[in-house]
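A.B. asks: Input structure: entry.txt, which contains compact mmCIF, C-alpha atoms.
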```txt
# COMPACT_ATOMS: atom_id res chain seq x y z
CA MET A 1 102.60 59.00 83.18
CA ASN A 2 105.19 58.40 80.49
CA ASN A 3 108.14 57.06 82.45
CA GLN A 4 110.53 57.71 79.55
CA ASN A 5 110.17 61.47 79.93
CA TYR A 6 112.08 62.00 83.15
CA LEU A 7 114.93 60.61 85.17
CA PRO A 8 113.63 57.80 87.41
CA GLY A 9 116.26 58.74 90.00
CA VAL A 10 114.87 62.27 90.31
CA LYS A 11 111.34 60.97 90.89
CA ALA A 12 112.62 58.44 93.44
CA GLN A 13 114.46 61.19 95.32
CA TYR A 14 111.36 63.34 95.72
CA GLU A 15 109.20 60.37 96.70
CA HIS A 16 111.65 59.60 99.49
CA LEU A 17 112.49 63.20 100.41
CA PRO A 18 109.64 65.56 99.42
CA TYR A 19 110.88 69.08 98.70
CA PRO A 20 110.86 71.68 100.05
CA PRO A 21 110.58 70.02 103.46
CA CYS A 22 107.72 71.36 105.52
CA ASP A 23 105.16 70.50 108.20
CA PRO A 24 101.61 70.93 106.88
CA LYS A 25 100.45 71.89 110.38
CA ASP A 26 102.38 75.15 110.01
CA GLU A 27 99.44 76.31 107.87
CA TYR A 28 97.49 76.83 111.10
CA ASN A 29 99.98 79.53 112.11
CA ARG A 30 101.37 81.22 109.01
CA LEU A 31 101.14 81.57 105.24
CA GLN A 32 104.41 80.83 103.43
CA ARG A 33 104.94 83.56 100.83
CA THR A 34 106.94 82.97 97.66
CA TRP A 35 108.80 85.89 96.13
CA LEU A 36 107.48 85.87 92.57
CA GLU A 37 103.86 85.02 93.40
CA ASP A 38 102.73 88.17 95.19
CA LEU A 39 99.88 89.34 92.95
CA PRO A 40 100.99 93.02 92.90
CA MET A 41 104.43 91.98 91.63
CA MET A 42 102.97 89.62 89.06
CA ASN A 43 100.66 92.36 87.88
CA HIS A 44 103.43 94.97 87.64
CA TYR A 45 105.89 92.82 85.67
CA CYS A 46 103.67 90.49 83.67
CA PHE A 47 100.38 92.23 82.91
CA GLN A 48 101.14 95.98 82.63
CA GLY A 49 99.53 96.49 86.03
CA ARG A 50 96.09 95.92 84.47
CA GLU A 51 95.25 92.34 85.56
CA THR A 52 92.26 91.82 87.87
CA PHE A 53 92.93 88.06 88.32
CA SER A 54 89.30 87.31 87.56
CA ASN A 55 87.41 86.18 84.43
CA GLY A 56 88.81 82.66 84.63
CA PHE A 57 92.45 83.47 85.34
CA ARG A 58 94.37 80.18 85.07
CA VAL A 59 97.57 79.27 86.88
CA LEU A 60 99.87 76.26 86.46
CA VAL A 61 102.42 75.41 89.12
CA ALA A 62 104.73 73.12 87.17
CA GLY A 63 106.81 71.03 89.54
CA GLY A 64 104.96 72.37 92.56
CA GLY A 65 106.60 70.04 95.10
CA THR A 66 105.12 70.29 98.57
CA GLY A 67 103.08 73.32 97.58
CA ASP A 68 104.63 76.64 98.65
CA ALA A 69 103.71 78.56 95.48
CA THR A 70 100.45 76.67 95.01
CA ILE A 71 99.15 77.41 98.50
CA PHE A 72 100.25 81.07 98.39
CA LEU A 73 98.56 81.66 95.03
CA ALA A 74 95.40 79.76 95.97
CA GLU A 75 95.07 81.74 99.19
CA GLN A 76 95.45 85.08 97.40
CA LEU A 77 92.96 84.01 94.71
CA ARG A 78 90.43 82.64 97.20
CA GLY A 79 86.97 83.98 96.42
CA THR A 80 87.70 84.53 92.71
CA ASP A 81 86.96 82.22 89.78
CA ALA A 82 90.68 81.65 89.19
CA GLN A 83 91.90 78.06 88.96
CA ILE A 84 95.30 76.66 89.98
CA VAL A 85 96.70 73.41 88.60
CA HIS A 86 99.41 71.81 90.75
CA LEU A 87 101.53 69.36 88.75
CA ASP A 88 104.37 67.29 90.19
CA LEU A 89 106.13 63.95 89.67
CA SER A 90 106.09 62.95 93.32
CA SER A 91 102.99 61.49 94.95
CA ALA A 92 104.58 62.09 98.37
CA SER A 93 105.07 65.78 97.63
CA ILE A 94 101.52 66.14 96.30
CA ALA A 95 100.14 64.46 99.42
CA ILE A 96 101.82 67.09 101.60
CA ALA A 97 100.56 69.92 99.37
CA LYS A 98 97.02 68.49 99.51
CA GLU A 99 97.14 68.34 103.30
CA ARG A 100 98.23 71.98 103.43
CA ALA A 101 95.36 72.96 101.12
CA ALA A 102 92.85 70.98 103.20
CA ILE A 103 93.94 72.76 106.37
CA ARG A 104 93.26 76.09 104.65
CA LYS A 105 90.03 74.79 103.07
CA LEU A 106 91.24 75.76 99.59
CA ALA A 107 88.97 74.41 96.87
CA ASN A 108 90.50 76.13 93.83
CA ILE A 109 93.33 73.65 93.13
CA GLN A 110 93.45 70.74 90.66
CA TRP A 111 96.06 68.07 91.40
CA VAL A 112 97.97 66.28 88.63
CA GLN A 113 100.81 63.78 89.07
CA ASP A 114 102.89 63.81 85.92
CA SER A 115 105.99 65.21 84.20
CA ILE A 116 106.07 68.75 82.84
CA LEU A 117 107.39 67.18 79.63
CA ASN A 118 103.96 65.62 79.12
CA LEU A 119 102.08 68.91 79.50
CA PRO A 120 101.10 69.33 75.83
CA SER A 121 99.32 65.95 75.87
CA LEU A 122 97.53 66.21 79.25
CA GLY A 123 94.56 68.25 77.99
CA LEU A 124 94.87 70.86 80.73
CA GLY A 125 94.36 73.82 78.38
CA GLU A 126 96.34 77.06 78.33
CA PHE A 127 97.43 79.19 81.26
CA ASP A 128 97.76 82.89 82.01
CA TYR A 129 100.58 82.32 84.48
CA ILE A 130 102.99 79.43 84.94
CA ASN A 131 105.21 79.00 87.98
CA CYS A 132 108.21 76.74 87.33
CA VAL A 133 110.70 77.23 90.14
CA GLY A 134 113.66 74.92 90.69
CA VAL A 135 112.57 72.39 88.08
CA LEU A 136 114.15 72.87 84.65
CA HIS A 137 117.71 72.63 85.96
CA HIS A 138 116.92 69.10 87.16
CA LEU A 139 115.86 67.86 83.71
CA ALA A 140 118.18 65.98 81.38
CA ASP A 141 117.12 68.53 78.73
CA PRO A 142 115.96 71.80 80.35
CA ASN A 143 115.07 73.28 76.96
CA ALA A 144 112.58 70.45 76.34
CA GLY A 145 110.90 71.40 79.59
CA LEU A 146 110.75 75.06 78.60
CA CYS A 147 109.26 74.16 75.21
CA ALA A 148 106.57 72.12 76.97
CA LEU A 149 105.71 75.12 79.15
CA LYS A 150 105.53 77.45 76.15
CA ARG A 151 103.04 75.16 74.43
CA VAL A 152 100.50 75.61 77.25
CA LEU A 153 101.18 79.33 77.85
CA LYS A 154 98.66 81.85 76.55
CA GLU A 155 100.01 84.37 74.06
CA ARG A 156 99.88 87.16 76.65
CA GLY A 157 100.76 84.89 79.54
CA ALA A 158 103.84 84.89 81.75
CA ILE A 159 106.23 82.36 83.27
CA ALA A 160 107.83 82.71 86.69
CA LEU A 161 111.09 80.79 86.47
CA MET A 162 113.95 79.93 88.81
CA VAL A 163 117.13 78.21 87.75
CA TYR A 164 120.42 77.94 89.59
CA GLY A 165 123.10 80.63 89.30
CA ALA A 166 126.50 79.26 88.30
CA ILE A 167 128.66 81.97 89.87
CA GLY A 168 126.98 81.99 93.29
CA ARG A 169 126.89 78.17 93.50
CA THR A 170 130.61 77.70 92.86
CA GLY A 171 131.12 76.23 96.33
CA VAL A 172 128.12 73.92 95.88
CA TYR A 173 129.64 72.37 92.77
CA HIS A 174 132.98 71.92 94.52
CA MET A 175 131.14 70.09 97.30
CA GLN A 176 129.08 67.99 94.86
CA GLU A 177 132.27 66.78 93.18
CA LEU A 178 133.89 66.10 96.54
CA LEU A 179 130.93 63.99 97.64
CA ARG A 180 130.81 62.11 94.33
CA LEU A 181 134.39 61.06 94.96
CA ALA A 182 133.74 60.25 98.63
CA ASN A 183 130.55 58.29 97.86
CA GLN A 184 132.06 55.84 95.38
CA GLY A 185 130.96 52.44 96.56
CA CYS A 186 128.83 54.00 99.32
CA ALA A 187 125.32 52.63 99.92
CA GLU A 188 122.53 55.03 99.00
CA GLY A 189 121.28 55.12 102.57
CA GLU A 190 124.67 56.28 103.86
CA LYS A 191 125.17 59.25 101.54
CA ILE A 192 123.36 61.85 103.65
CA ALA A 193 125.11 60.76 106.86
CA GLN A 194 128.47 60.96 105.12
CA ALA A 195 127.65 64.39 103.68
CA LYS A 196 126.80 65.66 107.18
CA GLU A 197 130.13 64.39 108.49
CA VAL A 198 132.01 66.14 105.68
CA LEU A 199 130.11 69.40 106.22
CA ALA A 200 131.02 69.31 109.91
CA ALA A 201 134.72 68.77 109.15
CA LEU A 202 135.44 71.32 106.41
CA PRO A 203 138.87 72.99 106.58
CA PRO A 204 138.98 76.82 106.80
CA GLY A 205 139.80 77.35 103.12
CA ASN A 206 136.92 75.29 101.68
CA TRP A 207 134.84 77.46 99.32
CA TYR A 208 131.53 75.98 100.44
CA GLY A 209 132.40 76.67 104.07
CA LEU A 210 133.67 80.18 103.30
CA ALA A 211 130.30 81.06 101.77
CA GLY A 212 128.72 80.76 105.24
CA ASP A 213 124.96 81.40 105.08
CA LEU A 214 124.90 81.74 101.29
CA TYR A 215 123.87 78.10 101.00
CA ASN A 216 120.75 77.58 103.10
CA ASP A 217 119.84 73.98 102.18
CA LYS A 218 122.05 72.24 104.76
CA ASP A 219 119.62 72.13 107.69
CA SER A 220 117.53 69.13 106.57
CA ASP A 221 118.10 65.78 104.91
CA ALA A 222 115.92 66.82 101.95
CA GLY A 223 117.85 70.07 101.59
CA ILE A 224 121.26 68.38 101.74
CA TYR A 225 120.24 65.79 99.16
CA ASP A 226 118.62 68.33 96.84
CA SER A 227 121.63 70.65 96.96
CA LEU A 228 124.65 68.36 97.24
CA LEU A 229 123.61 64.84 96.17
CA HIS A 230 121.17 65.47 93.34
CA SER A 231 121.54 63.19 90.32
CA GLN A 232 120.81 65.99 87.80
CA ASP A 233 121.82 69.60 88.43
CA ARG A 234 123.00 72.42 86.20
CA ALA A 235 123.36 76.17 86.59
CA TYR A 236 123.48 79.26 84.40
CA THR A 237 125.30 82.57 84.13
CA VAL A 238 123.52 85.73 83.01
CA PRO A 239 124.90 85.49 79.44
CA GLN A 240 123.72 81.88 79.23
CA LEU A 241 120.24 82.90 80.41
CA TYR A 242 119.94 85.57 77.74
CA GLU A 243 121.25 83.25 75.03
CA TRP A 244 118.76 80.54 76.01
CA LEU A 245 115.65 82.50 76.95
CA ALA A 246 115.86 85.79 75.04
CA ASP A 247 117.82 84.85 71.91
CA GLY A 248 116.57 81.26 71.72
CA HIS A 249 112.91 81.77 72.66
CA GLY A 250 112.21 85.49 72.27
CA PHE A 251 111.29 86.04 75.91
CA THR A 252 111.61 89.37 77.68
CA ILE A 253 113.39 88.73 81.00
CA GLU A 254 112.67 90.57 84.26
CA LEU A 255 115.04 89.39 86.99
CA SER A 256 114.18 89.76 90.67
CA ASP A 257 116.32 88.24 93.42
CA VAL A 258 114.55 87.23 96.64
CA GLY A 259 114.40 90.24 98.97
CA ARG A 260 116.63 92.33 96.72
CA GLY A 261 114.85 92.67 93.38
CA ARG A 262 117.11 93.68 90.49
CA PHE A 263 119.61 95.34 92.83
CA PRO A 264 122.32 92.61 92.68
CA TYR A 265 122.23 92.77 88.86
CA LEU A 266 122.69 96.55 88.63
CA PRO A 267 126.35 97.66 88.71
CA GLN A 268 125.34 101.31 89.05
CA PHE A 269 124.28 100.31 92.58
CA THR A 270 126.59 97.38 93.38
CA LEU A 271 129.81 98.98 92.12
CA GLY A 272 131.41 101.35 94.60
CA LEU A 273 131.60 105.06 93.80
CA GLU A 274 135.40 104.78 93.88
CA ALA A 275 135.38 102.80 90.61
CA SER A 276 134.83 105.96 88.59
CA ARG A 277 136.35 104.69 85.33
CA MET A 278 134.19 101.57 85.26
CA ARG A 279 131.07 103.49 86.31
CA ALA A 280 131.62 105.92 83.44
CA ARG A 281 131.48 102.99 81.01
CA LEU A 282 128.14 101.65 82.26
CA ALA A 283 126.08 103.98 80.08
CA HIS A 284 127.71 102.43 76.98
CA MET A 285 126.96 98.82 77.98
CA ASP A 286 123.77 96.96 77.11
CA GLU A 287 121.55 95.41 79.77
CA ARG A 288 122.89 91.87 79.58
CA ALA A 289 126.50 93.07 79.80
CA ARG A 290 125.75 95.18 82.88
CA TYR A 291 123.86 92.31 84.51
CA ALA A 292 126.67 89.85 83.72
CA MET A 293 129.26 92.20 85.20
CA SER A 294 127.26 92.68 88.38
CA GLU A 295 126.70 88.92 88.78
CA LEU A 296 130.49 88.47 88.75
CA LEU A 297 130.97 91.46 91.03
CA MET A 298 128.45 90.31 93.66
CA GLY A 299 129.32 86.61 93.57
CA ASP A 300 126.33 85.68 95.75
CA ILE A 301 123.49 85.09 93.26
CA THR A 302 122.80 81.40 93.82
CA ARG A 303 119.40 81.40 92.10
CA HIS A 304 118.18 83.38 89.10
CA LEU A 305 114.50 84.24 89.60
CA MET A 306 112.66 85.95 86.78
CA TYR A 307 109.45 86.64 84.91
CA LEU A 308 109.34 85.69 81.23
CA THR A 309 106.87 87.28 78.80
CA ARG A 310 106.54 87.17 75.04
CA GLU A 311 105.61 90.84 74.95
CA PRO A 312 108.46 93.34 75.40
CA GLN A 313 106.09 95.84 77.06
CA ALA A 314 104.47 93.58 79.67
CA LYS A 315 105.82 95.64 82.58
CA ALA A 316 103.71 98.49 83.98
CA PRO A 317 104.95 101.69 82.30
CA TYR A 318 106.47 104.55 84.24
CA GLY A 319 105.33 107.97 83.05
CA ASP A 320 101.56 107.43 82.77
CA ALA A 321 99.52 109.65 85.12
CA GLU A 322 96.74 107.02 85.30
CA TYR A 323 98.96 104.57 87.16
CA VAL A 324 98.92 104.16 90.95
CA PRO A 325 102.27 103.77 92.74
CA LEU A 326 102.23 101.58 95.85
CA TYR A 327 104.77 100.76 98.50
CA PHE A 328 105.50 97.06 98.69
CA HIS A 329 107.24 94.44 100.80
CA GLU A 330 108.44 95.79 104.12
CA PRO A 331 106.47 98.87 105.23
CA LEU A 332 108.01 102.15 104.17
CA ASP A 333 107.40 105.30 106.16
CA ALA A 334 106.39 108.01 103.71
CA ARG A 335 107.50 110.79 106.07
CA ALA A 336 110.93 109.22 106.50
CA LEU A 337 111.27 108.82 102.75
CA GLU A 338 110.20 112.42 102.25
CA THR A 339 113.02 113.53 104.54
CA MET A 340 115.53 111.16 102.94
CA PHE A 341 114.77 112.37 99.44
CA ALA A 342 114.24 116.05 100.19
CA PRO A 343 116.10 118.48 97.87
CA LYS A 344 119.84 118.30 98.42
CA ASP A 345 122.97 119.32 96.61
CA GLY A 346 124.40 116.41 94.64
CA LEU A 347 123.58 112.75 95.28
CA THR A 348 121.55 111.20 98.08
CA LEU A 349 122.82 107.97 99.64
CA LEU A 350 120.06 105.47 100.42
CA ARG A 351 121.16 102.91 103.01
CA HIS A 352 118.94 99.85 103.32
CA PRO A 353 119.91 97.77 106.38
CA HIS A 354 117.85 94.70 105.43
CA LEU A 355 119.47 94.46 102.00
CA GLY A 356 122.94 95.49 103.10
CA MET A 357 123.01 98.04 100.29
CA THR A 358 124.01 101.63 99.86
CA ALA A 359 123.02 103.37 96.63
CA ALA A 360 123.56 106.88 95.33
CA VAL A 361 120.67 108.61 93.60
CA ASP A 362 119.81 112.09 92.37
CA ALA A 363 116.83 112.96 94.55
CA GLY A 364 115.69 115.88 92.36
CA ARG A 365 113.56 118.76 93.63
CA TYR A 366 110.18 117.12 94.20
CA SER A 367 110.80 113.44 95.07
CA GLY A 368 110.29 113.90 98.81
CA LYS A 369 106.90 115.50 98.32
CA ILE A 370 105.82 112.85 95.79
CA LEU A 371 106.81 110.01 98.14
CA ARG A 372 104.85 111.60 100.97
CA HIS A 373 101.57 111.34 99.02
CA ILE A 374 101.93 107.72 97.86
CA ASP A 375 99.25 105.66 99.60
CA GLY A 376 98.48 102.88 97.10
CA GLN A 377 95.20 104.56 96.14
CA ARG A 378 96.15 107.84 94.48
CA SER A 379 97.30 107.87 90.87
CA PHE A 380 100.37 109.80 89.80
CA GLY A 381 98.02 112.42 88.36
CA GLN A 382 96.33 112.90 91.73
CA ILE A 383 99.66 112.91 93.57
CA PHE A 384 101.09 115.52 91.22
CA ASP A 385 98.04 117.74 91.79
CA LEU A 386 98.72 117.57 95.53
CA VAL A 387 102.38 118.42 94.97
CA ARG A 388 101.47 121.42 92.83
CA ALA A 389 99.06 122.61 95.55
CA ASP A 390 101.89 122.73 98.09
CA PRO A 391 102.67 126.39 98.91
CA ALA A 392 106.37 125.74 98.39
CA VAL A 393 105.73 124.45 94.86
CA ARG A 394 102.68 126.46 93.76
CA THR A 395 104.65 129.28 92.15
CA GLN A 396 106.71 126.82 90.07
CA SER A 397 103.68 124.81 88.87
CA PRO A 398 105.68 121.93 87.33
CA ASP A 399 103.77 119.95 84.72
CA ASN A 400 103.41 116.15 84.82
CA ALA A 401 106.34 115.57 82.47
CA THR A 402 108.63 117.63 84.71
CA LEU A 403 107.52 115.77 87.83
CA PHE A 404 107.92 112.36 86.20
CA ALA A 405 111.44 113.26 85.05
CA ASP A 406 112.37 114.64 88.46
CA PHE A 407 111.09 111.56 90.33
CA LYS A 408 112.47 108.99 87.86
CA PRO A 409 115.86 108.28 89.55
CA VAL A 410 114.21 107.71 92.94
CA TYR A 411 111.43 105.60 91.40
CA GLU A 412 113.93 103.46 89.51
CA LEU A 413 115.94 102.80 92.68
CA LEU A 414 112.92 101.90 94.82
CA ASN A 415 111.41 99.83 92.02
CA ALA A 416 114.72 98.01 91.51
CA ILE A 417 114.48 96.72 95.09
CA GLU A 418 110.72 96.00 94.67
CA ARG A 419 109.69 98.66 97.20
CA ILE A 420 107.54 100.60 94.72
CA LEU A 421 105.27 98.91 92.16
CA LEU A 422 102.58 100.19 89.81
CA ARG A 423 99.03 99.20 88.93
CA HIS A 424 96.55 100.90 86.62
CA SER A 425 93.90 102.99 88.32
CA SER A 426 91.17 100.86 86.66
CA VAL A 427 92.23 97.86 88.80
CA PRO A 428 90.69 97.76 92.29
```
Output the file's structure in the form of structure tokens.
C.D. replies:
Amino acid sequence: MNNQNYLPGVKAQYEHLPYPPCDPKDEYNRLQRTWLEDLPMMNHYCFQGRETFSNGFRVLVAGGGTGDATIFLAEQLRGTDAQIVHLDLSSASIAIAKERAAIRKLANIQWVQDSILNLPSLGLGEFDYINCVGVLHHLADPNAGLCALKRVLKERGAIALMVYGAIGRTGVYHMQELLRLANQGCAEGEKIAQAKEVLAALPPGNWYGLAGDLYNDKDSDAGIYDSLLHSQDRAYTVPQLYEWLADGHGFTIELSDVGRGRFPYLPQFTLGLEASRMRARLAHMDERARYAMSELLMGDITRHLMYLTREPQAKAPYGDAEYVPLYFHEPLDARALETMFAPKDGLTLLRHPHLGMTAAVDAGRYSGKILRHIDGQRSFGQIFDLVRADPAVRTQSPDNATLFADFKPVYELLNAIERILLRHSSVP
């Protein structure tokens, strides 16, 4: 390893406190999923829904820590010829990840201890998919890390990236500054104990305390240190992301918050119906302006998760009859959705208790019947044939273009919360 390429303090932290904290023996009982690494989501957003994840598909987990993404990907790709490379600075973190892989008997992982800044010189080849979650914002020069990733990314490859969100972490940065002041002259071994005392004694008006469960890294020593005592930490707003990643590097950005998808970035859903003047202006705003406005409106986006692709059309296209729609994440009851999106006058309100969201959508004439026939196997063409065969629709005989247009508002809402994805019918 080239020790000039990274902050020695960052490496020392993760040797002492591997992150994320975990017990390898949990692998006997459950598989830890990571939001961006579900293969159907990767396929939908990164590979036009056409990827089979075979023929030597290569994955790099850059800064893989104790192995959450690595283990989840390796388990999903078990039995294929795909290869995963797990790279991390910390030998302690790699040891935990290796133990987790051994428990699962995963043999498709290569282990490399090094800095992501050294990637171009490590001879690892190029990758179809790179996971780099929670890493770049801990580098002295995050852009140098991104450039290193780009140099080992295939032309049609994709990067799954997570960096901190500046607006949602406002309270974190107040607390970091508070602890920097409190820890002057404090021994390194006392910093976590002192942070715990401060967290237990926050006054009612403290912004970190007011955020409640928004900050979920306070239940372990490793989490407290990583969040509040880290030696190198920066965060980004939506405009800064677009300036860096889209304008600076030409990437197409697909944001997807954990559990919520694009929903928190979409003011047409997050802005109340009462704000009629502002809602009327949304159609005249570009994507990054709408996303930036919603980030400020929500105030709770602590992490920006996204897929980055060089190609602007890497996402599975809506409007092609050869594509298969599939329900994803928590199970959706097709009959309940059919009832919810049955023809109505005006807008339909979709209330999602798990997301705490309410969204208005034009349900159209046929959305309920289309939703009823989605089973993850039928293509849109096959579903539309079934809709046209319905006695209540037969006399109207809507063509595919009419059905796609009618279903589009409902599809866009359910896709925005990652509850409907697409794959091409040629993919098993």
A.B. asks: Which residue out of A:Leu245, A:Ile374, A:Met285, A:Ala140 has the minimum interatomic distance to A:Ile159 when all atoms listed in the file are used?
C.D. replies: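 Nearest to A:Ile159: A:Leu245.
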A.B. asks: Can you check which parts of stretch 254-355 of chain A lie within 10 Å of stretch 217-236 of chain A? Per residue, the shortest pair of atoms and distance in Å to one decimal, counting all atoms listed in the file, sorted by chain and number, as a tab-separated table.
C.D. replies:
```
residue	atom	partner	partner_atom	distance
A:Thr302	CA	A:Ala235	CA	8.9
A:Arg303	CA	A:Ala235	CA	8.6
A:His304	CA	A:Tyr236	CA	8.2
```
A.B. asks: Write the residues you've just listed into a file as a CSV table (one decimal), keeping the file's coordinate frame, and include C-alpha atoms for each of them.
C.D. replies:
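Saved the output as part-v8.csv:
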```csv
chain,number,residue,atom,x,y,z
A,302,THR,CA,122.8,81.4,93.8
A,303,ARG,CA,119.4,81.4,92.1
A,304,HIS,CA,118.2,83.4,89.1
```
A.B. asks: May I have the residues within 9 Å of A:Val135 as number ranges by chain, using all atoms listed in the file and disregarding those fewer than 5 positions away in the same chain?
C.D. replies: A: 62-64, 142, 145, 161-163
A.B. asks: Show me, as a PyMOL selection string, the residues that have an atom within 10 Å of A:Gly381 when counting all atoms listed in the file, minus same-chain residues fewer than 2 positions from it.
C.D. replies: chain A and resi 320-324+378-379+383-387+400
A.B. asks: In file coordinates, which residues lie within 8 Å of (118.5, 88.1, 82.4) using all atoms listed in the file, given as a list in words?
C.D. replies: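 Applying the cut-off with all atoms listed in the file, one gets Val238, Pro239, Leu241, Tyr242, Ile253, Glu254, Leu255, Arg288, Tyr291 and Met306 of chain A.
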A.B. asks: Pop stretch 229-246 of chain A out of the structure in the block and write C-alpha atoms as a PDB file, in the first residue's frame.
C.D. replies:
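And here is the file that came out, result.pdb:
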```pdb
ATOM      1  CA  LEU A 229     -15.634  12.136  15.899  1.00  0.00           C
ATOM      2  CA  HIS A 230     -14.388  11.361  12.400  1.00  0.00           C
ATOM      3  CA  SER A 231     -11.198  13.140  11.370  1.00  0.00           C
ATOM      4  CA  GLN A 232     -12.378  13.722   7.772  1.00  0.00           C
ATOM      5  CA  ASP A 233     -16.035  14.302   6.909  1.00  0.00           C
ATOM      6  CA  ARG A 234     -17.816  16.412   4.324  1.00  0.00           C
ATOM      7  CA  ALA A 235     -21.340  16.543   2.927  1.00  0.00           C
ATOM      8  CA  TYR A 236     -23.125  17.708  -0.207  1.00  0.00           C
ATOM      9  CA  THR A 237     -26.324  19.433  -1.262  1.00  0.00           C
ATOM     10  CA  VAL A 238     -28.179  18.413  -4.418  1.00  0.00           C
ATOM     11  CA  PRO A 239     -26.756  21.347  -6.449  1.00  0.00           C
ATOM     12  CA  GLN A 240     -23.244  20.416  -5.332  1.00  0.00           C
ATOM     13  CA  LEU A 241     -23.811  16.791  -6.399  1.00  0.00           C
ATOM     14  CA  TYR A 242     -24.929  17.818  -9.874  1.00  0.00           C
ATOM     15  CA  GLU A 243     -22.051  20.274 -10.250  1.00  0.00           C
ATOM     16  CA  TRP A 244     -19.520  17.622  -9.230  1.00  0.00           C
ATOM     17  CA  LEU A 245     -20.902  14.448 -10.775  1.00  0.00           C
ATOM     18  CA  ALA A 246     -22.993  15.557 -13.757  1.00  0.00           C
TER      19      ALA A 246
END
```
